[in-house]
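Content type mmCIF, C-alpha atoms and all ligand atoms, from the file structure.cif:
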```cif
data_target
loop_
_atom_site.label_atom_id
_atom_site.label_comp_id
_atom_site.auth_asym_id
_atom_site.auth_seq_id
_atom_site.Cartn_x
_atom_site.Cartn_y
_atom_site.Cartn_z
CA MET A 23 75.99 61.47 -42.03
CA THR A 24 79.44 60.40 -40.84
CA GLU A 25 81.47 63.61 -41.14
CA THR A 26 80.31 66.71 -39.35
CA ALA A 27 81.90 70.02 -38.53
CA LEU A 28 79.47 70.45 -35.64
CA ILE A 29 80.56 70.03 -32.04
CA PRO A 30 78.60 66.99 -30.86
CA THR A 31 76.63 68.65 -28.03
CA TYR A 32 73.44 67.01 -29.30
CA ALA A 33 72.65 63.35 -30.01
CA ARG A 34 70.62 64.00 -33.13
CA LEU A 35 67.98 61.71 -34.60
CA PRO A 36 68.75 60.44 -38.11
CA VAL A 37 66.23 62.65 -39.88
CA ALA A 38 66.42 66.11 -41.48
CA PHE A 39 63.42 68.22 -42.37
CA GLU A 40 63.16 70.31 -45.48
CA SER A 41 59.87 72.09 -45.11
CA GLY A 42 56.89 72.47 -42.86
CA ARG A 43 53.28 73.59 -42.91
CA GLY A 44 51.19 73.92 -39.80
CA ALA A 45 51.62 70.80 -37.66
CA TRP A 46 53.37 68.89 -40.46
CA LEU A 47 57.03 68.49 -41.41
CA THR A 48 58.45 66.91 -44.56
CA ASP A 49 61.87 65.27 -44.46
CA THR A 50 64.53 65.17 -47.16
CA GLN A 51 63.14 61.83 -48.41
CA GLY A 52 59.63 63.24 -48.81
CA ASN A 53 58.15 61.54 -45.73
CA THR A 54 55.72 63.59 -43.65
CA TYR A 55 55.47 63.72 -39.86
CA LEU A 56 52.91 65.12 -37.45
CA ASP A 57 54.86 67.48 -35.21
CA ALA A 58 53.77 67.10 -31.57
CA LEU A 59 56.86 68.93 -30.31
CA SER A 60 56.87 72.23 -32.27
CA GLY A 61 60.66 72.56 -32.16
CA ILE A 62 60.44 72.30 -28.32
CA ALA A 63 57.48 74.65 -27.78
CA VAL A 64 58.84 77.23 -30.22
CA CYS A 65 56.53 77.00 -33.24
CA GLY A 66 53.28 77.49 -31.34
CA LEU A 67 51.58 78.75 -34.50
CA GLY A 68 52.89 75.76 -36.43
CA HIS A 69 55.40 75.87 -39.29
CA ALA A 70 55.36 78.52 -41.99
CA HIS A 71 52.37 80.35 -40.51
CA PRO A 72 51.41 82.88 -43.21
CA ALA A 73 51.16 85.82 -40.75
CA VAL A 74 54.69 85.18 -39.47
CA THR A 75 56.14 84.48 -42.92
CA GLU A 76 54.65 87.67 -44.37
CA ALA A 77 55.79 89.80 -41.43
CA ILE A 78 59.36 88.49 -41.62
CA GLN A 79 59.54 88.80 -45.41
CA ALA A 80 58.26 92.37 -45.39
CA GLN A 81 60.58 93.41 -42.58
CA ALA A 82 63.61 91.68 -44.15
CA ALA A 83 63.07 93.69 -47.30
CA LYS A 84 63.02 96.93 -45.30
CA LEU A 85 65.50 96.73 -42.41
CA LEU A 86 67.02 93.95 -40.32
CA HIS A 87 69.03 95.70 -37.68
CA THR A 88 70.11 99.11 -36.46
CA SER A 89 71.03 98.37 -32.78
CA ASN A 90 69.57 99.72 -29.59
CA LEU A 91 71.54 102.94 -29.92
CA TYR A 92 68.56 104.27 -31.86
CA GLN A 93 64.80 104.48 -31.47
CA GLN A 94 63.10 101.34 -32.76
CA PRO A 95 59.37 101.89 -33.34
CA ILE A 96 58.71 98.23 -34.14
CA GLN A 97 60.37 97.19 -30.83
CA GLU A 98 58.17 99.75 -29.03
CA ALA A 99 55.11 98.21 -30.68
CA ALA A 100 56.14 94.64 -29.85
CA GLY A 101 56.90 95.69 -26.28
CA ALA A 102 53.54 97.44 -25.87
CA LEU A 103 51.62 94.43 -27.15
CA LEU A 104 53.64 91.89 -25.15
CA THR A 105 53.37 93.77 -21.85
CA ARG A 106 49.63 94.31 -22.39
CA LEU A 107 48.97 90.61 -22.97
CA ALA A 108 51.35 89.61 -20.18
CA GLY A 109 49.92 92.11 -17.69
CA MET A 110 53.42 93.45 -16.98
CA GLU A 111 54.74 97.01 -17.03
CA LYS A 112 57.94 96.97 -19.08
CA VAL A 113 60.10 94.63 -21.14
CA PHE A 114 63.72 94.12 -22.17
CA PHE A 115 64.17 92.06 -25.34
CA CYS A 116 67.05 89.60 -25.63
CA ASN A 117 67.74 86.57 -27.80
CA SER A 118 67.00 83.37 -25.86
CA GLY A 119 65.49 81.88 -22.75
CA ALA A 120 68.77 81.57 -20.90
CA GLU A 121 69.52 85.21 -21.63
CA ALA A 122 66.11 86.27 -20.35
CA ASN A 123 66.81 84.38 -17.12
CA GLU A 124 70.26 85.97 -16.86
CA GLY A 125 68.45 89.30 -16.92
CA ALA A 126 66.12 88.12 -14.17
CA ILE A 127 69.04 86.97 -12.02
CA LYS A 128 70.70 90.36 -12.42
CA LEU A 129 67.45 92.04 -11.39
CA ALA A 130 67.32 89.90 -8.24
CA ARG A 131 70.81 91.01 -7.29
CA LEU A 132 70.02 94.67 -7.92
CA HIS A 133 66.94 94.31 -5.75
CA GLY A 134 69.02 92.73 -2.98
CA HIS A 135 71.74 95.36 -3.06
CA ARG A 136 69.12 98.11 -3.05
CA LYS A 137 67.83 96.57 0.19
CA GLY A 138 71.37 96.50 1.61
CA VAL A 139 71.84 92.73 1.35
CA GLU A 140 75.55 92.20 0.72
CA LYS A 141 75.41 88.67 -0.72
CA PRO A 142 71.92 88.27 -2.11
CA GLN A 143 70.66 84.70 -2.50
CA LEU A 144 68.18 83.46 -5.07
CA LEU A 145 65.87 80.57 -4.19
CA VAL A 146 65.52 78.00 -7.01
CA MET A 147 63.89 74.56 -7.24
CA ASN A 148 64.89 70.93 -7.55
CA ASN A 149 64.52 69.66 -11.14
CA ALA A 150 64.30 73.21 -12.47
CA PHE A 151 65.63 74.09 -15.90
CA HIS A 152 66.66 77.67 -16.59
CA GLY A 153 69.30 77.42 -19.33
CA ARG A 154 72.92 76.63 -20.16
CA THR A 155 74.81 79.84 -19.37
CA LEU A 156 76.85 79.78 -16.16
CA ALA A 157 74.31 81.52 -13.95
CA THR A 158 71.33 79.71 -15.46
CA LEU A 159 72.96 76.26 -15.31
CA THR A 160 73.66 77.00 -11.67
CA ALA A 161 69.97 77.83 -11.21
CA THR A 162 69.08 74.61 -13.03
CA GLY A 163 68.39 71.71 -10.65
CA SER A 164 70.19 68.99 -12.55
CA ARG A 165 73.67 67.66 -11.88
CA LYS A 166 73.90 66.51 -15.50
CA VAL A 167 73.67 70.11 -16.68
CA GLN A 168 76.19 71.36 -14.10
CA ALA A 169 78.82 68.58 -14.02
CA GLY A 170 82.16 69.67 -15.40
CA PHE A 171 81.44 73.38 -15.22
CA GLU A 172 82.36 74.05 -11.62
CA PRO A 173 82.95 76.40 -9.94
CA LEU A 174 79.27 77.26 -10.18
CA VAL A 175 78.00 80.79 -9.63
CA SER A 176 77.43 81.66 -5.98
CA GLY A 177 74.22 83.06 -4.57
CA PHE A 178 71.77 80.20 -5.19
CA LEU A 179 69.76 78.18 -2.65
CA ARG A 180 67.49 75.31 -3.54
CA CYS A 181 64.37 73.60 -2.24
CA GLY A 182 61.90 70.98 -3.43
CA TYR A 183 59.44 71.92 -6.18
CA ASN A 184 55.90 72.04 -4.79
CA ASP A 185 57.35 71.91 -1.27
CA LEU A 186 55.91 75.10 0.18
CA GLU A 187 56.95 74.13 3.68
CA ALA A 188 60.61 73.86 2.69
CA ALA A 189 60.51 77.12 0.73
CA SER A 190 58.85 78.95 3.56
CA ALA A 191 61.24 77.51 6.16
CA LEU A 192 64.25 78.69 4.14
CA ILE A 193 62.81 82.13 3.47
CA ASN A 194 61.83 82.61 7.11
CA SER A 195 65.20 81.46 8.42
CA ARG A 196 67.43 83.70 6.28
CA SER A 197 67.47 87.41 5.66
CA ASP A 198 69.68 87.20 2.55
CA ILE A 199 67.13 85.59 0.20
CA VAL A 200 66.00 88.33 -2.17
CA ALA A 201 64.08 86.49 -4.87
CA VAL A 202 62.46 83.22 -5.93
CA LEU A 203 62.81 81.88 -9.47
CA VAL A 204 60.31 79.19 -10.46
CA GLU A 205 58.65 77.59 -13.50
CA PRO A 206 54.83 77.41 -13.27
CA VAL A 207 55.13 74.04 -15.01
CA GLN A 208 58.53 72.36 -15.05
CA GLY A 209 59.13 71.46 -18.68
CA GLU A 210 62.54 69.80 -19.01
CA GLY A 211 62.16 68.56 -15.42
CA GLY A 212 59.32 66.23 -16.45
CA VAL A 213 56.21 68.29 -17.33
CA THR A 214 55.31 68.83 -13.69
CA PRO A 215 52.78 71.57 -12.95
CA ALA A 216 53.22 73.53 -9.75
CA SER A 217 50.39 73.03 -7.29
CA ASP A 218 48.11 76.03 -6.79
CA GLU A 219 49.03 75.95 -3.13
CA PHE A 220 52.73 76.21 -3.97
CA MET A 221 52.35 79.09 -6.43
CA ASN A 222 49.91 81.04 -4.24
CA GLY A 223 52.09 80.39 -1.20
CA LEU A 224 55.24 81.62 -2.94
CA ALA A 225 53.42 84.72 -4.17
CA ALA A 226 52.25 85.51 -0.63
CA LEU A 227 55.70 84.88 0.86
CA CYS A 228 57.40 87.12 -1.70
CA GLN A 229 54.87 89.86 -1.05
CA GLU A 230 55.28 89.59 2.71
CA LYS A 231 59.11 89.44 2.71
CA ASP A 232 59.76 91.95 -0.11
CA LEU A 233 61.29 89.27 -2.37
CA LEU A 234 61.04 89.34 -6.13
CA LEU A 235 58.74 86.64 -7.45
CA MET A 236 60.36 85.69 -10.74
CA LEU A 237 58.61 83.29 -13.09
CA ASP A 238 60.46 81.43 -15.82
CA GLU A 239 57.82 81.20 -18.52
CA VAL A 240 60.27 80.48 -21.31
CA GLN A 241 58.31 77.31 -22.09
CA THR A 242 54.91 77.95 -20.46
CA GLY A 243 54.44 81.40 -22.01
CA ASN A 244 52.78 82.62 -25.20
CA GLY A 245 49.55 80.70 -24.86
CA ARG A 246 50.99 77.24 -24.27
CA THR A 247 49.13 76.46 -21.01
CA GLY A 248 45.79 78.00 -22.01
CA ARG A 249 46.54 81.59 -20.95
CA TYR A 250 49.00 84.03 -22.50
CA PHE A 251 51.20 83.35 -19.48
CA ALA A 252 50.71 80.53 -17.00
CA TYR A 253 50.67 82.90 -14.01
CA GLN A 254 47.38 84.27 -15.38
CA HIS A 255 45.73 81.12 -14.02
CA TYR A 256 46.20 82.85 -10.62
CA ASP A 257 45.09 86.18 -9.21
CA TRP A 258 48.44 87.85 -8.51
CA THR A 259 51.18 89.32 -10.71
CA PRO A 260 54.88 88.36 -10.57
CA ASP A 261 57.59 91.00 -10.27
CA VAL A 262 59.67 89.48 -13.06
CA LEU A 263 58.49 87.29 -15.94
CA THR A 264 60.81 85.74 -18.51
CA THR A 265 59.83 84.18 -21.79
CA ALA A 266 61.31 83.09 -25.13
CA LYS A 267 60.51 79.89 -27.11
CA GLY A 268 56.98 80.52 -28.46
CA LEU A 269 57.41 84.29 -28.57
CA GLY A 270 58.99 84.38 -32.03
CA ASN A 271 57.68 81.15 -33.59
CA GLY A 272 61.24 80.31 -34.66
CA VAL A 273 63.15 83.58 -34.75
CA PRO A 274 65.52 83.78 -31.76
CA VAL A 275 63.99 86.14 -29.22
CA GLY A 276 63.62 86.31 -25.47
CA ALA A 277 62.09 88.81 -23.09
CA VAL A 278 62.39 89.76 -19.47
CA MET A 279 59.37 91.64 -18.19
CA VAL A 280 59.05 93.58 -14.97
CA SER A 281 56.31 95.09 -12.84
CA GLY A 282 55.74 96.45 -9.36
CA LYS A 283 58.88 96.51 -7.24
CA ALA A 284 61.05 95.30 -10.13
CA ALA A 285 59.78 97.89 -12.62
CA ASP A 286 62.52 100.48 -12.09
CA LEU A 287 65.53 98.33 -11.14
CA PHE A 288 67.30 98.37 -14.51
CA GLN A 289 68.66 101.82 -15.27
CA PRO A 290 70.79 103.01 -18.22
CA GLY A 291 74.01 101.00 -18.40
CA HIS A 292 72.76 98.08 -16.30
CA HIS A 293 72.01 95.67 -19.11
CA GLY A 294 72.22 95.41 -22.86
CA SER A 295 72.17 93.33 -26.00
CA THR A 296 73.41 94.17 -29.48
CA TYR A 297 70.72 92.18 -31.27
CA GLY A 298 68.04 92.22 -28.59
CA GLY A 299 64.64 93.11 -30.05
CA ASN A 300 65.87 93.96 -33.53
CA PRO A 301 63.33 94.84 -36.23
CA LEU A 302 63.32 91.33 -37.73
CA VAL A 303 62.46 89.48 -34.53
CA CYS A 304 60.01 92.15 -33.42
CA ALA A 305 58.12 91.78 -36.71
CA SER A 306 57.72 88.12 -35.84
CA VAL A 307 56.77 88.83 -32.21
CA LEU A 308 54.02 91.20 -33.36
CA ALA A 309 52.70 88.64 -35.84
CA VAL A 310 52.75 85.87 -33.21
CA LEU A 311 51.02 87.84 -30.48
CA ASN A 312 48.42 89.36 -32.82
CA THR A 313 47.63 85.89 -34.14
CA LEU A 314 47.36 84.42 -30.63
CA GLU A 315 44.86 87.17 -29.78
CA GLN A 316 42.87 87.23 -33.03
CA GLU A 317 42.58 83.47 -33.35
CA LYS A 318 41.86 83.00 -29.62
CA LEU A 319 44.61 80.39 -29.43
CA CYS A 320 44.85 80.39 -25.63
CA GLU A 321 41.30 79.06 -25.39
CA ARG A 322 42.15 76.63 -28.16
CA ALA A 323 45.24 75.39 -26.25
CA ALA A 324 43.16 74.83 -23.13
CA TYR A 325 40.49 72.95 -25.09
CA LEU A 326 42.97 70.83 -27.06
CA GLY A 327 44.93 70.01 -23.91
CA ASP A 328 41.82 68.66 -22.20
CA TYR A 329 40.82 66.79 -25.34
CA LEU A 330 44.21 65.12 -25.76
CA VAL A 331 44.54 64.19 -22.08
CA GLN A 332 41.04 62.66 -22.20
CA GLY A 333 41.94 60.70 -25.33
CA LEU A 334 45.23 59.51 -23.87
CA LYS A 335 43.55 58.47 -20.62
CA GLN A 336 41.03 56.43 -22.56
CA GLY A 337 43.53 54.87 -24.94
CA LEU A 338 46.11 54.08 -22.27
CA SER A 339 43.80 53.13 -19.39
CA ASP A 340 44.87 49.48 -19.51
CA CYS A 341 48.56 50.19 -19.99
CA ALA A 342 50.43 49.29 -16.80
CA ALA A 343 53.59 51.05 -18.03
CA VAL A 344 51.86 54.45 -17.71
CA LYS A 345 52.39 55.90 -14.27
CA THR A 346 50.68 59.30 -14.56
CA LEU A 347 49.31 61.67 -17.16
CA ARG A 348 49.62 65.36 -16.42
CA GLY A 349 49.90 68.79 -17.90
CA LYS A 350 48.39 72.20 -18.43
CA GLY A 351 46.96 73.20 -21.79
CA LEU A 352 49.21 71.94 -24.57
CA MET A 353 52.05 70.99 -22.27
CA ILE A 354 51.37 67.32 -21.69
CA GLY A 355 53.49 64.68 -19.96
CA ILE A 356 52.96 60.94 -19.83
CA GLU A 357 55.16 59.52 -17.11
CA MET A 358 56.12 55.89 -17.59
CA THR A 359 57.12 53.45 -14.90
CA GLN A 360 60.54 53.09 -16.55
CA PRO A 361 62.97 54.82 -18.93
CA CYS A 362 61.35 55.27 -22.33
CA THR A 363 63.67 57.32 -24.57
CA GLU A 364 63.21 54.55 -27.15
CA LEU A 365 59.68 55.85 -27.73
CA VAL A 366 61.05 58.86 -29.60
CA LYS A 367 62.42 56.63 -32.38
CA LEU A 368 59.36 54.38 -32.43
CA ALA A 369 57.10 57.42 -32.78
CA LEU A 370 59.33 58.83 -35.52
CA GLU A 371 58.91 55.57 -37.45
CA ALA A 372 55.15 56.00 -37.03
CA GLY A 373 55.34 59.53 -38.47
CA LEU A 374 55.05 61.40 -35.19
CA LEU A 375 57.50 63.75 -33.49
CA ILE A 376 57.54 63.61 -29.70
CA ASN A 377 60.14 64.08 -27.01
CA VAL A 378 61.07 62.23 -23.84
CA THR A 379 62.31 64.33 -20.95
CA ALA A 380 63.64 63.44 -17.50
CA GLY A 381 64.27 59.91 -18.82
CA GLN A 382 60.75 58.54 -18.54
CA VAL A 383 58.27 61.26 -19.39
CA VAL A 384 56.81 61.49 -22.90
CA ARG A 385 56.44 65.20 -23.59
CA LEU A 386 53.89 66.59 -26.02
CA LEU A 387 54.06 70.23 -27.10
CA PRO A 388 51.98 70.36 -30.30
CA PRO A 389 51.21 73.64 -32.07
CA LEU A 390 48.29 75.66 -30.68
CA THR A 391 46.89 75.72 -34.20
CA LEU A 392 46.32 71.95 -34.25
CA THR A 393 42.97 71.06 -35.86
CA ASP A 394 40.51 68.62 -34.28
CA ALA A 395 41.38 66.09 -36.99
CA GLU A 396 45.09 66.50 -36.27
CA ALA A 397 44.50 66.02 -32.55
CA ASP A 398 42.79 62.71 -33.41
CA GLN A 399 45.68 61.75 -35.68
CA LEU A 400 48.11 62.49 -32.85
CA LEU A 401 46.20 60.08 -30.60
CA GLU A 402 45.89 57.49 -33.37
CA ARG A 403 49.64 57.52 -33.93
CA LEU A 404 50.88 57.81 -30.35
CA ILE A 405 48.68 55.37 -28.46
CA PRO A 406 49.57 52.25 -30.51
CA VAL A 407 53.27 53.15 -30.32
CA ILE A 408 53.11 53.29 -26.53
CA LEU A 409 51.00 50.13 -26.26
CA LYS A 410 53.37 48.20 -28.53
CA TRP A 411 56.41 49.43 -26.60
CA ALA A 412 54.77 48.56 -23.27
CA ALA A 413 53.82 45.07 -24.47
CA ARG A 414 57.49 44.35 -25.22
CA LEU A 415 58.60 45.21 -21.68
CA ASP A 416 59.09 42.32 -19.22
C1 LIG B 1 64.15 76.14 -22.87
C2 LIG B 1 64.12 76.76 -21.53
C3 LIG B 1 65.12 77.67 -21.12
C4 LIG B 1 66.33 77.97 -21.96
O1 LIG B 1 65.99 78.64 -23.14
P1 LIG B 1 67.10 78.77 -24.31
O2 LIG B 1 66.40 79.59 -25.35
O3 LIG B 1 67.43 77.39 -24.76
O4 LIG B 1 68.27 79.45 -23.73
C5 LIG B 1 64.99 78.25 -19.88
N1 LIG B 1 63.94 77.98 -19.08
C6 LIG B 1 62.97 77.11 -19.44
C7 LIG B 1 61.83 76.87 -18.51
C8 LIG B 1 63.04 76.47 -20.67
O5 LIG B 1 62.09 75.59 -21.01
#
```

Now, as a test, write the supplied structure out as structure tokens.
Amino acid sequence: MTETALIPTYARLPVAFESGRGAWLTDTQGNTYLDALSGIAVCGLGHAHPAVTEAIQAQAAKLLHTSNLYQQPIQEAAGALLTRLAGMEKVFFCNSGAEANEGAIKLARLHGHRKGVEKPQLLVMNNAFHGRTLATLTATGSRKVQAGFEPLVSGFLRCGYNDLEAASALINSRSDIVAVLVEPVQGEGGVTPASDEFMNGLAALCQEKDLLLMLDEVQTGNGRTGRYFAYQHYDWTPDVLTTAKGLGNGVPVGAVMVSGKAADLFQPGHHGSTYGGNPLVCASVLAVLNTLEQEKLCERAAYLGDYLVQGLKQGLSDCAAVKTLRGKGLMIGIEMTQPCTELVKLALEAGLLINVTAGQVVRLLPPLTLTDAEADQLLERLIPVILKWAARLD
């Protein structure tokens, strides 16, 4: 394609898909690919999952949208199911991950002002990714995302990810920090899981200092790490929890959930969204969450994650170009000793869709519905690609 009407914000690969089924995509030439990326952790149930397709088709034939000026029983139902599985009290539906985080940032400021803090500060992490809107790109810990968009939004402080000492020093030295926003596993930042010590330490600090603990689970949520939400690996509950990506399996939906001291911050007039939680997306959310529960896909994600990491460790044990292998559930990163974006194209040629993030981390986000045979096929396609690429270095 030489002519395009699209603003070139993305460097797109030279392939277009026409249809999908489960973990498989078919391109316009009829070639098939094993999808180990799921549209960036969106299609957790795989492509064209019958439960989602049926729910969307039935809802589309009935009613797409009425706005939040009216009661919406299907949004109530989606909200009840989501908050039950997430262990949170209430939810506001929006349309994307960035928007969910915008909601969280607004909650932090309300919490601060309620405590009488004039210029509330939000603590965020190095290498974080929270979105592309002005406030969320400010929260994002990447100069590449921010450059050119100054002046950035005020009210953000930053410390090292997994550096509990730094976080605690900042929080103890300032009375204007009102909240902490953190990803339980940094996705875009390089598939880096938080240490248990870091997460437990932040939770304790937030409790002690009356700060909102706000988790960005846009990528880690909806079963991806082996629990409905990654915080459920721990024994505390956050005040604010955002999610999106896997929540709708491809329909644009986000959610900001609240509990405890954040539960009553948003009052009428504080926040809104024309589309947020419309009947179409809520039909999909209900289908996704019911399927996660009925098919026990969290357990499946945990099992498959262990299986794939084991297989990769075995297959790549002699590969000097592999620095570390890490992840949680079906969020897997293979960090190389050098930049490896080339691997995306090589894998594509081998019929496998992967992603490289943070320059030198191969990121795998396969569907939670992957079969055992497909997990083996993933390994059989990926390992030789990496070994061949590594052999050509130096
Ligand atoms: C993808 C992502 C976002 C942004 O979500 P959008 O839907 O693209 O706005 C925010 N936070 C995290 C952790 C993400 O992975």

**Prompt:** Between atom CA of A:Lys84 and atom CA of A:Leu302, what is the distance, to one decimal in Å?
**Reply:** 9.4 Å

Under the rule of at most 7 Å, produce a per-residue listing of chain A near ligand LIG 1 (chain B): chain, number, name, the closest pair of atoms, and the distance in Å, as a Markdown table, using all atoms listed in the file.
```
| residue | atom | partner | partner_atom | distance |
| --- | --- | --- | --- | --- |
| A:Ser118 | CA | B:LIG1 | O2 | 3.9 |
| A:Gly119 | CA | B:LIG1 | O1 | 3.3 |
| A:Ala120 | CA | B:LIG1 | O4 | 3.6 |
| A:Glu121 | CA | B:LIG1 | O4 | 6.3 |
| A:Asn123 | CA | B:LIG1 | C5 | 7.0 |
| A:Phe151 | CA | B:LIG1 | N1 | 5.3 |
| A:His152 | CA | B:LIG1 | N1 | 3.7 |
| A:Gly153 | CA | B:LIG1 | C4 | 4.0 |
| A:Arg154 | CA | B:LIG1 | O4 | 6.5 |
| A:Glu205 | CA | B:LIG1 | C7 | 6.0 |
| A:Gln208 | CA | B:LIG1 | C7 | 6.6 |
| A:Gly209 | CA | B:LIG1 | O5 | 5.6 |
| A:Glu210 | CA | B:LIG1 | O5 | 6.1 |
| A:Asp238 | CA | B:LIG1 | C7 | 5.5 |
| A:Glu239 | CA | B:LIG1 | C7 | 5.9 |
| A:Val240 | CA | B:LIG1 | C6 | 4.7 |
| A:Gln241 | CA | B:LIG1 | O5 | 4.3 |
| A:Ala266 | CA | B:LIG1 | O2 | 6.2 |
| A:Lys267 | CA | B:LIG1 | O2 | 6.2 |
```

Would you write out those residues with C-alpha atoms, as an mmCIF file, in the coordinates of the input?
```
data_model
loop_
_atom_site.group_PDB
_atom_site.id
_atom_site.type_symbol
_atom_site.label_atom_id
_atom_site.label_comp_id
_atom_site.auth_asym_id
_atom_site.auth_seq_id
_atom_site.Cartn_x
_atom_site.Cartn_y
_atom_site.Cartn_z
ATOM 1 C CA SER A 118 67.000 83.370 -25.860
ATOM 2 C CA GLY A 119 65.490 81.880 -22.750
ATOM 3 C CA ALA A 120 68.770 81.570 -20.900
ATOM 4 C CA GLU A 121 69.520 85.210 -21.630
ATOM 5 C CA ASN A 123 66.810 84.380 -17.120
ATOM 6 C CA PHE A 151 65.630 74.090 -15.900
ATOM 7 C CA HIS A 152 66.660 77.670 -16.590
ATOM 8 C CA GLY A 153 69.300 77.420 -19.330
ATOM 9 C CA ARG A 154 72.920 76.630 -20.160
ATOM 10 C CA GLU A 205 58.650 77.590 -13.500
ATOM 11 C CA GLN A 208 58.530 72.360 -15.050
ATOM 12 C CA GLY A 209 59.130 71.460 -18.680
ATOM 13 C CA GLU A 210 62.540 69.800 -19.010
ATOM 14 C CA ASP A 238 60.460 81.430 -15.820
ATOM 15 C CA GLU A 239 57.820 81.200 -18.520
ATOM 16 C CA VAL A 240 60.270 80.480 -21.310
ATOM 17 C CA GLN A 241 58.310 77.310 -22.090
ATOM 18 C CA ALA A 266 61.310 83.090 -25.130
ATOM 19 C CA LYS A 267 60.510 79.890 -27.110
#
```

**Message:** Residues within 10 Å of stretch 361-376 of chain A, please, as number ranges by chain. Count all atoms listed in the file; anything in the same chain fewer than 5 positions from it doesn't count.
**Reply:** A: 35-37, 46-47, 53-62, 343, 381-388, 399-400, 403-408, 410-412

**Prompt:** Which residue out of A:Leu347, A:Leu415, A:Val307, A:Ala342 has the minimum interatomic distance to A:Leu103 when only C-alpha atoms are used?
**Reply:**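 Under the stated criterion, the closest residue is A:Val307.
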
**Item:** Residues near A:Ser176, cut-off 10 Å, all atoms listed in the file, skip fewer than 5 positions along chain, as JSON, numbers by chain
**Value:** {"A": [141, 142, 143, 144, 157, 160, 161]}

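Taking all atoms listed in the file into account, A:Asn271 lies nearest to A:Ser306 out of the set A:Gln93, A:Ser306, A:Ser195, A:Gln289.
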
Skipping near chain neighbours, those fewer than 3 positions away, what residues fall within 8 Å of A:Ala108 using all atoms listed in the file, listed as a short mmCIF file (atom, residue, chain, number, x, y, z; two decimals) with C-alpha atoms, in the frame of the given file?
```cif
data_model
loop_
_atom_site.label_atom_id
_atom_site.label_comp_id
_atom_site.auth_asym_id
_atom_site.auth_seq_id
_atom_site.Cartn_x
_atom_site.Cartn_y
_atom_site.Cartn_z
CA LEU A 104 53.64 91.89 -25.15
CA THR A 105 53.37 93.77 -21.85
CA TYR A 250 49.00 84.03 -22.50
CA PHE A 251 51.20 83.35 -19.48
#
```

**Prompt:** Which is closest to A:Gln336 among A:Leu233, A:Met358, A:Leu401, A:Met221, if we use all atoms listed in the file?
**Reply:** A:Leu401

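The list of residues with at least one atom within 12 Å of A:Lys335, based on all atoms listed in the file and without residues fewer than 5 positions apart in the same chain, reads A:Asp328, A:Tyr329, A:Leu330, A:Asp340, A:Cys341, A:Val344, A:Lys345, A:Thr346, A:Leu347, A:Arg348, A:Ile354, A:Gly355, A:Ile356, A:Leu401, A:Ile405.
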
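In this comparison, which uses only C-alpha atoms, the residue of A:His69, A:Gly337, A:Ala225, A:Leu235 approaching A:Thr48 most closely is A:His69.
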
**Message:** Taking all atoms listed in the file into account, name the residue in A:Thr359, A:Thr75, A:Asn149, A:Gln81 that is nearest to A:Ile96.
**Reply:**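 Checking each of A:Thr359, A:Thr75, A:Asn149, A:Gln81 against A:Ile96, counting all atoms listed in the file, the winner is A:Gln81.
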
**Asked** Interatomic distance between atom CA of A:Lys137 and atom CA of A:Ser197?
**Response**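 Spanning atom CA of A:Lys137 to atom CA of A:Ser197 is a straight-line distance of 10.7 Å.
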
**Asked** Counting all atoms listed in the file, what is within 12 Å of A:Asn148, bar same-chain residues fewer than 5 positions away, as a PyMOL selection string?
**Response** chain A and resi 160-165+178-185+188-189+203-205+208+210-212+214

**Item:** Coordinates-based distance that separates atom CA of A:Thr242 from atom CA of A:Val207 (Å, one decimal)
**Value:** 6.7 Å

**Prompt:** Which residue, A:Pro30, A:Leu234, A:Phe115, A:Ala284, has the smallest gap to A:Gln94 when you use all atoms listed in the file?
**Reply:**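 Going through A:Pro30, A:Leu234, A:Phe115, A:Ala284 one by one, the smallest distance to A:Gln94 is for A:Phe115.
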